[in-house]
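Engineer: Take a look at the following structure, please.
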Amino acid sequence: MSDIGRTSAVALVGVQGTLIEVEAHITSQLPTFSIIGLPDTSLGEARERVRSAAAVADCPLPARRITVNLTPASVPKRGSGFDLAIAMAVLGAAGTAPGVDRGVVYVGELGLDGRVRPVPGVIPIVLAAKDAGADRVVVPTGNLAEAEVVPGIELSAVESLRAAAIDAGAAVPPVPVEPVTPTATVGDQVPDRELADVVGNEIGVRALVAAAAGGHHMLLLGPPGAGKTMLAERLPPLLPDLDPDAALEVAAVRSVAGLGARSWTVRPPWEAPHHSASASARIGGGSGALRPGAVSRATRGVLFLDEATEFPRTVLDALRQPLESGSITVHRAAGSARFPARCQVVLAANPCPCGNAGTLGGPPCTCVPSAVRRYLGRLSGPLLDRIDIRVAVPRVTTGSLRAADGRTPTTAAARATVAAARARMAARLSGTGWSRNAEVTGTWLRAEGRADPGATTVLDRALDLGTLTMRGWDRVMRLAWTMADLDAADRPGREHIARALALRTAL
């Protein structure tokens with residue numbers, strides 16, 4: 001009988017996985033069960049779950065000293081997803097499951113009755129196992145549909161420890177076990193909204209189409225009831241479907257967030273956290289395993305912050321890093337994790353606490369100037385400098401309704417316009433690693449992506465006068481390229497730059 005058994009598992013930090021070798025050693029000493037290799041509390045409690053599950057599975061652990069080592073020991077291991085791998089390594093060391101192999105990765109939490117329960121984060125776990133060259137991944141039955149979105153690796157599903165032991169050559173009769181249904185949090189999904197329902201705000205509609213085409217961030221400022229949320233909810237239907245790589249990245253984040261079989265989607269995600277939500281819910285973190293926040297769950301999609309000026313300024317300023325880099329690093333006492341956060345940010349805000357500052361024909365503003373400055377001051381200058389499109393959303397009047405009758409494009413027509421503009425971007429940016437105008441660098445804009453001769457005069461003057469930063473210059477040029485793509489022009493001209501600058505300075 002072999003006294004050492006080896007299997008594999010995956011340690012997950014954020015959405016990054018590391019292959020872990022699970023070694024079990026059985027010696028003829030006083031009976032005890034210890035787990036070493038930097039386990040957290042929930043992983044350390046696997047001793048009792050494994051012992052009870054093995055007894056129910058008719059594979060009782062020997063009354064000897066059992067030591068389980070998780071290597072590399074320097075990598076933190078968290079959660080109950082190591083239970084099945086530990087149990088199989090011990091059964092392999094005891095000779096009960098002679099077919100246990102370190103090339104097989106085991107994932108799952110054990111119940112005291114021997115059932116294998118689903119765990120969050122299966123998609124990045126399977127991805128990590130595939131990248132590490134694992135032969136096969138054994139997952140709980142409740143996680144199989146979720147794991148199957150990862151191509152190119154063999155998967156097996158088990159309902160119980162007994163089934164996993166039989167799969168590894170254990171001589172025990174099978175017993176039917178009721179499968180465990182995974183629990184999942186319902187995602188914040190916005191239904192398809194019809195763009196033609198928006199009336200009386202032609203500039204807002206044009207800005208929305210430009211934002212969808214180029215992937216630009218947007219700020220909507222206007223009084224209550226003007227239609228800011230209505231506009232924002234019509235952005236996701238204008239966006240094209242995700243390509244396979246982007247969909248897999250989104251699925252990995254949603255899997256870690258606990259969405260289970262609903263992790264896979266080809267539509268850009270939508271997240272709209274309330275301003276009263278905790279910082280961890282919006283940015284990411286948590287007291288135990290680090291979970292992605294709304295900014296990461298919205299990657300490759302839209303993050304909508306309604307009533308943006310009601311959010312704490314510290315939370316708003318935390319968006320500055322992901323707006324530039326497309327990722328966010330969450331640091332907590334338990335460690336740090338990096339999550340993707342390549343999302344479009346749409347902010348909506350009132351112009352003052354009462355909502356009437358600067359409006360025409362409505363109730364007068366009752367706020368003192370210092371209150372207005374303090375209210376809008378939560379949107380810091382560095383944050384606003386990263387917002388490409390800033391438009392005012394006025395109240396709708398009967399005159400604007402008559403003028404706009406039938407002029408707003410339908411969602412289908414606007415989506416076709418966006419798709420054509422993105423096709424032009426993709427052809428122009430082929431081989432650069434970028435796919436949207438919002439991603440190009442300033443170096444490219446001043447070289448291959450320069451505008452028509454003399455077209456940037458107004459931008460250069462604003463830069464010299466200090467009314468536009470260098471980052472602002474770049475962002476106006478990115479938006480100008482989107483305007484050119486929407487017009488099917490080969491290069492931005494003076495008119496495209498003027499329209500882009502107008503959308504950036506509309507407030």
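Ligands are numbered from 1 in the order shown, chains are lettered A, B, ... in the order of the structure tokens, and residues start at 1 in each chain.
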Give the helix (DSSP H, G or I) residues of stretch 246-393 of chain A, as assigned by DSSP on the backbone, as a PyMOL selection string.
Structural biologist: chain A and resi 246-256+260-263+279-283+294-297+308-310+313-317+320-325+369-376+381-384
Engineer: Applying 7 Å and only C-alpha atoms, which residues near stretch 224-235 of chain A remain after dropping the ones on its own chain fewer than 4 positions away? List them as a PDB file with N, CA and C atoms, in the first residue's frame.
Structural biologist:
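The resulting file, around-v3.pdb, is reproduced below:
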```pdb
ATOM      1  N   VAL A 190     -29.991  44.755 -17.578  1.00  0.00           N
ATOM      2  CA  VAL A 190     -30.973  45.719 -18.071  1.00  0.00           C
ATOM      3  C   VAL A 190     -31.630  45.126 -19.306  1.00  0.00           C
ATOM      4  N   ARG A 193     -33.932  48.100 -24.378  1.00  0.00           N
ATOM      5  CA  ARG A 193     -34.800  49.276 -24.416  1.00  0.00           C
ATOM      6  C   ARG A 193     -34.768  49.845 -25.831  1.00  0.00           C
ATOM      7  N   GLU A 194     -35.877  50.392 -26.259  1.00  0.00           N
ATOM      8  CA  GLU A 194     -35.978  50.944 -27.608  1.00  0.00           C
ATOM      9  C   GLU A 194     -35.503  52.397 -27.618  1.00  0.00           C
ATOM     10  N   LEU A 195     -34.512  52.677 -28.460  1.00  0.00           N
ATOM     11  CA  LEU A 195     -33.946  54.023 -28.522  1.00  0.00           C
ATOM     12  C   LEU A 195     -34.957  55.030 -29.041  1.00  0.00           C
ATOM     13  N   LEU A 208     -24.966  59.330 -27.328  1.00  0.00           N
ATOM     14  CA  LEU A 208     -25.085  57.924 -26.962  1.00  0.00           C
ATOM     15  C   LEU A 208     -24.564  57.023 -28.084  1.00  0.00           C
ATOM     16  N   ALA A 212     -21.331  54.499 -27.871  1.00  0.00           N
ATOM     17  CA  ALA A 212     -21.417  53.084 -28.194  1.00  0.00           C
ATOM     18  C   ALA A 212     -20.418  52.697 -29.276  1.00  0.00           C
ATOM     19  N   LEU A 220     -23.874  62.477 -18.022  1.00  0.00           N
ATOM     20  CA  LEU A 220     -25.163  63.087 -18.334  1.00  0.00           C
ATOM     21  C   LEU A 220     -25.559  63.957 -17.148  1.00  0.00           C
ATOM     22  N   LEU A 239     -24.560  48.078 -28.224  1.00  0.00           N
ATOM     23  CA  LEU A 239     -23.231  47.481 -28.269  1.00  0.00           C
ATOM     24  C   LEU A 239     -23.271  46.138 -28.981  1.00  0.00           C
ATOM     25  N   VAL A 346     -20.753  55.312 -17.357  1.00  0.00           N
ATOM     26  CA  VAL A 346     -21.755  56.334 -17.637  1.00  0.00           C
ATOM     27  C   VAL A 346     -22.186  56.925 -16.303  1.00  0.00           C
ATOM     28  N   ALA A 348     -24.520  59.778 -14.272  1.00  0.00           N
ATOM     29  CA  ALA A 348     -25.682  60.653 -14.366  1.00  0.00           C
ATOM     30  C   ALA A 348     -25.790  61.441 -13.077  1.00  0.00           C
ATOM     31  N   ASN A 350     -27.510  65.238 -11.065  1.00  0.00           N
ATOM     32  CA  ASN A 350     -28.265  66.480 -11.063  1.00  0.00           C
ATOM     33  C   ASN A 350     -27.292  67.652 -10.961  1.00  0.00           C
ATOM     34  N   GLY A 355     -31.692  70.103  -7.792  1.00  0.00           N
ATOM     35  CA  GLY A 355     -31.844  69.630  -9.158  1.00  0.00           C
ATOM     36  C   GLY A 355     -32.264  70.662 -10.169  1.00  0.00           C
ATOM     37  N   VAL A 393     -28.624  67.297 -20.253  1.00  0.00           N
ATOM     38  CA  VAL A 393     -29.903  66.681 -20.609  1.00  0.00           C
ATOM     39  C   VAL A 393     -31.001  67.607 -20.102  1.00  0.00           C
ATOM     40  N   PRO A 394     -31.598  68.420 -20.978  1.00  0.00           N
ATOM     41  CA  PRO A 394     -32.613  69.378 -20.529  1.00  0.00           C
ATOM     42  C   PRO A 394     -33.960  68.712 -20.317  1.00  0.00           C
ATOM     43  N   ARG A 395     -34.818  69.415 -19.614  1.00  0.00           N
ATOM     44  CA  ARG A 395     -36.188  68.923 -19.456  1.00  0.00           C
ATOM     45  C   ARG A 395     -36.894  68.927 -20.808  1.00  0.00           C
ATOM     46  N   VAL A 396     -37.742  67.927 -21.007  1.00  0.00           N
ATOM     47  CA  VAL A 396     -38.491  67.820 -22.257  1.00  0.00           C
ATOM     48  C   VAL A 396     -39.702  68.754 -22.197  1.00  0.00           C
TER      49      VAL A 396
END
```
Engineer: Which neighbours of stretch 167-170 of chain A fall inside 7 Å, counting only C-alpha atoms, when residues of the same chain fewer than 4 positions from it are skipped, and could you give them as a list of chain:residue names?
Structural biologist: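 Skipping anything fewer than 4 positions along the chain leaves A:Thr96, A:Ala97, A:Pro98, A:Gly99, A:Val100, A:Ala163.
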Engineer: What does the file look like for those residues with C-alpha atoms, as an mmCIF file, in the first residue's frame?
Structural biologist:
```cif
data_model
loop_
_atom_site.group_PDB
_atom_site.id
_atom_site.type_symbol
_atom_site.label_atom_id
_atom_site.label_comp_id
_atom_site.auth_asym_id
_atom_site.auth_seq_id
_atom_site.Cartn_x
_atom_site.Cartn_y
_atom_site.Cartn_z
ATOM 1 C CA THR A 96 -8.436 2.977 -1.524
ATOM 2 C CA ALA A 97 -8.318 4.939 -4.818
ATOM 3 C CA PRO A 98 -5.278 3.563 -6.665
ATOM 4 C CA GLY A 99 -5.989 5.533 -9.840
ATOM 5 C CA VAL A 100 -5.423 8.946 -8.253
ATOM 6 C CA ALA A 163 -18.426 8.630 -7.359
#
```
Engineer: Compare A:Gly81, A:Gly14, A:Pro140, A:Pro237 by their minimum atom-to-atom distance to A:Arg254, counting only C-alpha atoms, and give me the closest one.
Structural biologist: A:Gly14
Engineer: Find the spatial neighbours of A:Ala423, counting only C-alpha atoms, within a cut-off of 12 Å - ignore same-chain residues fewer than 5 positions away - and output them as a list in words.
Structural biologist: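 Here the qualifying residues turn out to be Ala213, Gly214, Pro240, Ala416, Thr417, Val418, Arg428, Leu429, Ser430, Ser435, Arg436, Asn437, Thr482, Asp485, Leu486 and Ala488 of chain A.
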Engineer: Using N, CA and C atoms, can you export the residues from the last selection as a short mmCIF file (atom, residue, chain, number, x, y, z; two decimals), in the first residue's frame?
Structural biologist:
```
data_model
loop_
_atom_site.label_atom_id
_atom_site.label_comp_id
_atom_site.auth_asym_id
_atom_site.auth_seq_id
_atom_site.Cartn_x
_atom_site.Cartn_y
_atom_site.Cartn_z
N ALA A 213 -20.22 53.56 -30.25
CA ALA A 213 -19.33 53.24 -31.37
C ALA A 213 -17.87 53.21 -30.93
N GLY A 214 -17.45 54.21 -30.17
CA GLY A 214 -16.04 54.31 -29.83
C GLY A 214 -15.65 53.79 -28.47
N PRO A 240 -22.23 45.80 -29.74
CA PRO A 240 -22.19 44.49 -30.41
C PRO A 240 -21.95 43.37 -29.43
N ALA A 416 -26.91 49.21 -36.14
CA ALA A 416 -26.26 48.99 -37.43
C ALA A 416 -25.23 50.08 -37.71
N THR A 417 -25.54 51.32 -37.34
CA THR A 417 -24.58 52.42 -37.50
C THR A 417 -23.35 52.18 -36.64
N VAL A 418 -23.56 51.75 -35.40
CA VAL A 418 -22.45 51.45 -34.50
C VAL A 418 -21.60 50.31 -35.05
N ARG A 428 -8.88 49.51 -39.36
CA ARG A 428 -7.79 50.47 -39.23
C ARG A 428 -6.80 50.06 -38.13
N LEU A 429 -7.31 49.51 -37.04
CA LEU A 429 -6.48 49.18 -35.89
C LEU A 429 -6.01 47.72 -35.89
N SER A 430 -6.22 47.02 -36.97
CA SER A 430 -5.82 45.62 -37.05
C SER A 430 -4.32 45.48 -36.79
N SER A 435 -9.12 47.72 -30.49
CA SER A 435 -10.28 47.48 -31.34
C SER A 435 -11.23 48.66 -31.37
N ARG A 436 -11.09 49.60 -30.42
CA ARG A 436 -11.98 50.76 -30.35
C ARG A 436 -11.13 52.03 -30.25
N ASN A 437 -11.72 53.13 -30.70
CA ASN A 437 -10.98 54.40 -30.67
C ASN A 437 -10.63 54.82 -29.25
N THR A 482 -13.98 58.77 -33.77
CA THR A 482 -15.29 58.11 -33.78
C THR A 482 -16.26 58.88 -34.65
N ASP A 485 -15.47 58.00 -38.14
CA ASP A 485 -15.92 56.65 -38.48
C ASP A 485 -17.43 56.60 -38.68
N LEU A 486 -18.18 57.35 -37.88
CA LEU A 486 -19.63 57.39 -38.05
C LEU A 486 -20.01 58.04 -39.38
N ALA A 488 -18.05 57.75 -42.02
CA ALA A 488 -17.31 56.98 -43.03
C ALA A 488 -16.23 57.82 -43.68
#
```
Engineer: Using only C-alpha atoms, determine which residues lie at most 8 Å from A:Ala24, disregarding the query and same-chain residues fewer than 5 positions distant; provide the list as a ChimeraX atom specification.
Structural biologist: /A:3-6,66-69,86,89-90,93
Engineer: Would you pick out the contacts of A:Pro409 at 7 Å or less, using only C-alpha atoms, so that residues sharing its chain but fewer than 3 positions from it are not included, and give the list as a list in words?
Structural biologist: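 Residues near the query, excluding close chain neighbours: Leu195, Ala196, Ala413 and Ala414 of chain A.
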